[in-house]
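Written below as structure tokens is the structure these notes are about.
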Amino acid sequence: MAKPNKVIALPTTSPGQLWEPVHTPGRFRNTLSKYRVYRNESRCIKCGKCVELCPYGVFTKAGSYLRRPKSYLCLGLECQKKPFHCVANCPAQALKVSVHPVYNTLGDCRWNPDLLLSTWWQAEFGNLPYTDLEYRTGGSGGGFDRLRLLFPPRRGGKNINHDDISLEVDINRRGDGRPNIRVSVPWYGGGMSFGSVSINTILSRATAATTFNTMVSTGEGGFPEELYPFSDHVVTQVATGLFGVREDTLQRVRMIEFKYAQGAKPGLGGHLLGDKVTPAVARMRESVTGNALFSPFPFHSVYSVEDHKKHIDWMKEINPRALISVKVSTPTDVDMVAVGSYYAGAHVVQLDGSYGGTGAAPDIAKKNIAMPIEYAIPKVHQFLRAEGIRESVTLVASGGIRSAYDVAKAIALGADLVQIGTADLVALECLRCHNCESGRGCARGIATTDPELVDLMTIQYGAARICNMYYSWSWQLKEILRLLGLRSIRELVGRTDLLMHLDYFERAIDDDIRGK
Amino acid sequence: MPAKYHIHVRRVPPRFTPLAKNAIIDWSEGCLRCARCVKEQCPVDAYRKRGFDRTQFVDTIDEMCRDCYRCVQGCPRELIYKVVNPQYRQLGDEYWTPEILSATWYQAETGKIPVSGAGYGGPFSGPGFDSLWTDMSEIVRPTRDGIHGREYISTSVDLGRKPMFLLFDEQGDMAWTTPPLLELPLPILLAEPKLGPNPRGMQEIITLAAQNLGTLAILGRDQLVPVPAQALGQIMPSYSAGALELEDPLLSQVRAIEMLDHPALLKQVEVLKKRYPQLLVSIKVPGDEKVVDRVAELTAAGAEIIHIYATEKARGLGGFQDLHLKDLIRRCHLRLVEEQLRDTVTLLFSGGIALAEHVAKAIICGADGIIADLPLLLALECRLCRQCTKGGNCPVEIDLLTTKRGAQRLVNLIGAWNNQLLEIMGAMGMREVRRLRGEVGRAMFLEDLEKEIFAPLFANRETELQKRDPN
């Protein structure tokens, strides 16, 4: 019997590819899984038949010793139909495959167990899982999770090759003489400050951003020296607390991001709890160790759109080559805010929706304040178009972009590119326990500044995991474009005709690209 | 500027271990006795601190666990699992979800706003209050800092009839006495819940809490406990239809009463007001299919306060049983706006107000204030098992709770709610809750967003898709 390719055989790359996936298993001994392969040791006769049969590498042997089954590689209940099904073929009836009891405890509505597990898979292998894990949507029951891509019936793109498809996006569309930034993928890393996440997390993200020729924002927590080598791929954030904002850091970067509001806590300030303000964080933010830090709301020097322009002019003066991005939340008048920002001189308007990550925010704010990003994108896109300035401004969507499909949907709704944050953390094995803010911070060593916890993760591991995920996303986006018959991600902008919302359509829509 | 209203919260630990969402299952069979067990490496030291709660048969580890899964993923024999806690899932019902219960317990214990890391993880939207979002301002002037406020955000509301104009006589003096008005420092009144193992004890707890908060406690007149003299100003006795005796000594001691609506009510109020002109009368009206007309009628006849009640699950009554409280509020409010009477009367609503955001959203829909009832019982650790309604024992012994401790838990809950109201208003750049009333322009309704944004993009595309894909 011919065995299918082992999963460890990673996708092949073609010339010009930015990254070749590196197998990067999870940091923890038992990788979480949807199914559990259980071997009854008292029955097992150690014949090794399972090792021989399973093409997915669930069973392995060291000499005559059978290692513990790697449940997460198992095809699951679907495997029953296969001739190599281990349970049916075990001569001692020692094997059992069932849904893992832990599976249902993972994640939440937006990052449901399937989406977490499939993202971890992509971060480990750089490709999509062959199991029945859902990799496109979560379980929120609305928005992106109810939108589907509409591939043509006879799926197009027979004569389009992935190498012919461009994912590049130009950021400066104002034509104001400032240098353009061309990113090679339609996403960049959202702001996560030094303090809210560890330096290893920051450097992992910066490495991935550099590898994929895109950018990553520092968030409001200063510009650690370790980031200097990545300066060309760093966006530095100027937020209301002005933590760590210095002339030399502003002059170091190609893009400066003004954070007016953040989607997770629109209209409220930021808050770094005292426990997370370690000596290093305090030094960076020019404050006192152990003291909670508030970033106020709003900018206390901006009370009007004229003040806003003054702010932007000030930054442009300090760094004559930098592009200016304005990050806002999604109030009722978000379209007016976007137009105002454009006329004040912004190159990028970033809409931040409320599903986005944060170090700490009141639950009431995350759930209730400001409109979902899925509505805000088309609202702003259409308004900018009606104003005749859509072509001169770059529209970025963020706050809840979890998968390559979310990227495609956000762009089809009208964004030029997206910003991601939580997805990077999930690649680093975040499991959305929502405890980033408490005590020493993340017990998995991602969103923490505690020296002991930070050491749970290396930069090499982190960078490889994020790069693997980026690789998988690039592949998926190219495949999506190919099937839509498009050659550039630019052609997808505002193409709502290529989307359907299931609330308005009764038939099932299949937009799976696996094995198509 | 008036002194800043401040609610004094103080931690009151729970008497019973709260149920956790997930439970740890930890097999010892097959344990290798590793030199360095994963349990010793628990970041919150839960395995060492764990205990067994004998009264409830609960392992306290579940409550301490912070869901990092390091033990689950670290044990070389995979002997540790996390599973969904069935006891937690069975809490409450489809409206009063386990999440609402545990959020209420947390706030009643700490008096703090629930804060968490990472983004929102809940559903996209839901029925009722979950189908609208509140607004925010990118730039506000002057600055608002929410609960960290350097500038004052007022949560005061006025109960009573508000004259639309003043009349003066020839001497320039007021030609009539202005009707009584009662200012509460927050738009939340307390009422006794319909269930609970110890209604009398609950009345005492609610009265003390209302006193500490400066708000009113709505208590049934029939079964009313003796109320201490200094608390009389904080209670609002509630009379069932037609049961009011003019000689009732309470009428001269309290500032406001509530009467259940009945056909001869207006006449009765007239007699009552003649005898006690300074007494505020709130008319309690069921939120059924007749409510909108009745509210208009009562308001036109000079009603001061109208309390409209919905079911425990925020639905209307009778012919309005499918109508959500938020729509009930909007209809009553808009009818009075149409009749140009809205500003004369105070509208209070009750039924299904479960979370702090419901307070803000009810006000945006048109309420002047809300009445909290069931959450007050939840604040005392109630698990909504409803044993008390069947004559059973209360598993969390609410009947044994001291008044002081219970009242502090209510103060904590309402303190946390009020702070969340401040956060919502701070985000909008508003300085007064009075101005939030009926401000639907500062909210985004799901149906409007769908109509304006998604429907033009996705509706009526059947034929186009038929052409693409005839199958």
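Starting from 1 in every chain, residues are counted up; chains themselves are A, B, ... following the order of the structure tokens, and ligands are numbered from 1 as listed.
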
List every residue of region 59-272 of chain A that DSSP, applied to the backbone, labels as strand (DSSP E), and write the result as a short mmCIF file (atom, residue, chain, number, x, y, z; two decimals) with C-alpha atoms, in the first residue's frame.
data_model
loop_
_atom_site.label_atom_id
_atom_site.label_comp_id
_atom_site.auth_asym_id
_atom_site.auth_seq_id
_atom_site.Cartn_x
_atom_site.Cartn_y
_atom_site.Cartn_z
CA LYS A 61 9.25 3.47 17.96
CA ALA A 62 12.61 3.81 19.62
CA TYR A 65 10.06 0.80 22.79
CA LEU A 66 6.79 2.28 21.59
CA LEU A 95 -6.14 1.27 20.75
CA LYS A 96 -8.95 3.76 21.03
CA VAL A 97 -9.54 7.08 19.24
CA SER A 98 -12.06 9.52 20.66
CA VAL A 99 -12.64 13.26 20.97
CA LEU A 147 -19.06 35.61 5.51
CA ARG A 148 -17.97 33.24 2.77
CA LEU A 149 -15.76 33.68 -0.25
CA VAL A 169 0.79 46.49 -1.07
CA ASP A 170 2.06 50.07 -1.33
CA ARG A 182 5.99 48.33 -0.20
CA VAL A 183 5.16 45.39 2.03
CA TRP A 187 -0.64 42.38 6.76
CA TYR A 188 1.67 43.78 9.38
CA GLY A 189 2.06 43.31 13.09
CA VAL A 216 5.51 45.40 13.18
CA SER A 217 4.32 48.11 15.54
CA VAL A 234 9.29 48.78 12.81
CA VAL A 235 6.35 51.13 13.16
CA THR A 236 6.66 53.12 16.33
CA GLN A 237 3.55 54.08 18.18
CA VAL A 238 2.75 57.44 19.66
CA MET A 255 6.25 54.75 9.76
CA ILE A 256 4.80 56.38 12.86
CA GLU A 257 1.47 55.27 14.24
CA PHE A 258 -0.76 57.61 16.24
CA LYS A 259 -3.01 55.67 18.48
CA GLY A 270 -4.56 51.88 28.56
CA HIS A 271 -3.58 50.27 31.81
CA LEU A 272 -0.45 48.31 32.63
#

Please provide the set of residues having any atom within 9 Å of region 291-296 of chain A, restricted to only C-alpha atoms, with same-chain residues fewer than 4 positions apart removed, written as a PyMOL selection string.
-> (chain A and resi 220+239-243+268-277+282+287+300) or (chain B and resi 145+148)

Distance query region 71-87 of chain A at most 12 Å, only C-alpha atoms, self and fewer than 4 positions along chain excluded, as an MDAnalysis selection string | (chainID A and resid 1:4 6:8 25:26 29:40 44 48:60 67 91:100 103 114 117:118 120:121 124:125 129:133) or (chainID B and resid 78)

Just want the 6 Å neighbourhood of Arg161 (chain B), counted on only C-alpha atoms, with same-chain residues fewer than 5 positions away dropped. Output as a compact mmCIF listing (two decimals) with all heavy atoms, in the first residue's frame.
# COMPACT_ATOMS: atom_id res chain seq x y z
N GLU B 304 -46.24 60.99 38.04
CA GLU B 304 -44.89 61.48 38.35
C GLU B 304 -43.82 60.49 37.93
O GLU B 304 -42.82 60.83 37.32
CB GLU B 304 -44.78 61.73 39.86
CG GLU B 304 -45.79 62.72 40.37
CD GLU B 304 -45.81 62.76 41.89
OE1 GLU B 304 -46.09 61.73 42.52
OE2 GLU B 304 -45.53 63.83 42.44
N THR B 344 -41.79 65.31 31.15
CA THR B 344 -42.55 65.60 32.36
C THR B 344 -42.51 64.45 33.35
O THR B 344 -42.75 64.64 34.53
CB THR B 344 -44.03 65.87 32.01
OG1 THR B 344 -44.57 64.68 31.41
CG2 THR B 344 -44.15 67.03 31.05
N VAL B 345 -42.22 63.26 32.90
CA VAL B 345 -42.40 62.07 33.74
C VAL B 345 -41.10 61.28 33.86
O VAL B 345 -40.22 61.39 33.01
CB VAL B 345 -43.54 61.20 33.15
CG1 VAL B 345 -43.10 60.55 31.84
CG2 VAL B 345 -44.01 60.16 34.14

Could you list, as a count of residues only, every residue of chain B that has an atom within 6 Å of an atom of chain A, counting only C-alpha atoms?
-> 27

Arg136 (chain A) surroundings by only C-alpha atoms, 8 Å radius, close-in-sequence under 5 positions cut, as a PyMOL selection string | chain A and resi 115+403-406

Pull C-alpha atoms from the residues just selected and write them as a short mmCIF file (atom, residue, chain, number, x, y, z; two decimals), in the first residue's frame.
data_model
loop_
_atom_site.label_atom_id
_atom_site.label_comp_id
_atom_site.auth_asym_id
_atom_site.auth_seq_id
_atom_site.Cartn_x
_atom_site.Cartn_y
_atom_site.Cartn_z
CA LEU A 115 -9.20 27.67 14.97
CA SER A 403 -6.90 33.72 9.72
CA ALA A 404 -5.92 34.11 6.08
CA TYR A 405 -9.64 34.04 5.32
CA ASP A 406 -10.26 36.97 7.64
#

Step one, run DSSP on the backbone; step two, keep only residues of region 30-234 of chain A assigned to alpha helix (DSSP H); then write them as a PyMOL selection string.
-> chain A and resi 49-53+86-89+113-125+199-211

Do a neighbour search on Val38 (chain B) at 8 Å with only C-alpha atoms, toss out local chain neighbours closer than 4 positions, and write the hits as a ChimeraX atom specification.
-> /B:42,70-71,74-75

Within 12 Å of Val253 (chain A), counting only C-alpha atoms, which residues show up once you throw out same-chain ones fewer than 4 positions away? Write them as an mmCIF file with C-alpha atoms, in the first residue's frame, please.
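And here's result.cif as it stands now:
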data_model
loop_
_atom_site.group_PDB
_atom_site.id
_atom_site.type_symbol
_atom_site.label_atom_id
_atom_site.label_comp_id
_atom_site.auth_asym_id
_atom_site.auth_seq_id
_atom_site.Cartn_x
_atom_site.Cartn_y
_atom_site.Cartn_z
ATOM 1 C CA PRO A 179 9.189 57.488 0.383
ATOM 2 C CA ILE A 181 6.848 51.432 1.753
ATOM 3 C CA MET A 215 6.343 45.671 9.518
ATOM 4 C CA VAL A 216 5.512 45.402 13.181
ATOM 5 C CA SER A 217 4.322 48.107 15.545
ATOM 6 C CA THR A 218 5.989 48.704 18.884
ATOM 7 C CA PHE A 223 11.500 51.175 21.414
ATOM 8 C CA LEU A 227 14.808 46.233 18.150
ATOM 9 C CA TYR A 228 17.263 48.678 16.563
ATOM 10 C CA PRO A 229 18.533 46.182 13.966
ATOM 11 C CA PHE A 230 14.955 45.818 12.719
ATOM 12 C CA SER A 231 14.282 49.569 12.513
ATOM 13 C CA ASP A 232 13.301 49.498 8.850
ATOM 14 C CA HIS A 233 10.506 47.107 9.667
ATOM 15 C CA VAL A 234 9.288 48.780 12.808
ATOM 16 C CA VAL A 235 6.355 51.128 13.162
ATOM 17 C CA THR A 236 6.661 53.125 16.334
ATOM 18 C CA GLN A 237 3.547 54.083 18.178
ATOM 19 C CA ARG A 246 11.726 60.050 22.050
ATOM 20 C CA GLU A 247 13.007 62.032 19.141
ATOM 21 C CA ASP A 248 15.605 59.440 18.202
ATOM 22 C CA THR A 249 13.090 56.585 18.163
ATOM 23 C CA GLU A 257 1.467 55.266 14.245
ATOM 24 C CA MET A 315 5.729 64.192 13.583
ATOM 25 C CA LYS A 316 6.352 64.929 9.924
ATOM 26 C CA ILE A 318 10.660 65.418 13.324
ATOM 27 C CA ASN A 319 11.011 62.652 10.761
ATOM 28 C CA PRO A 320 10.804 63.931 7.184
ATOM 29 C CA ARG A 321 10.857 60.452 5.631
ATOM 30 C CA ALA A 322 8.228 58.800 7.836
ATOM 31 C CA LEU A 323 4.714 57.906 6.827
ATOM 32 C CA ILE A 324 1.953 58.650 9.309
#
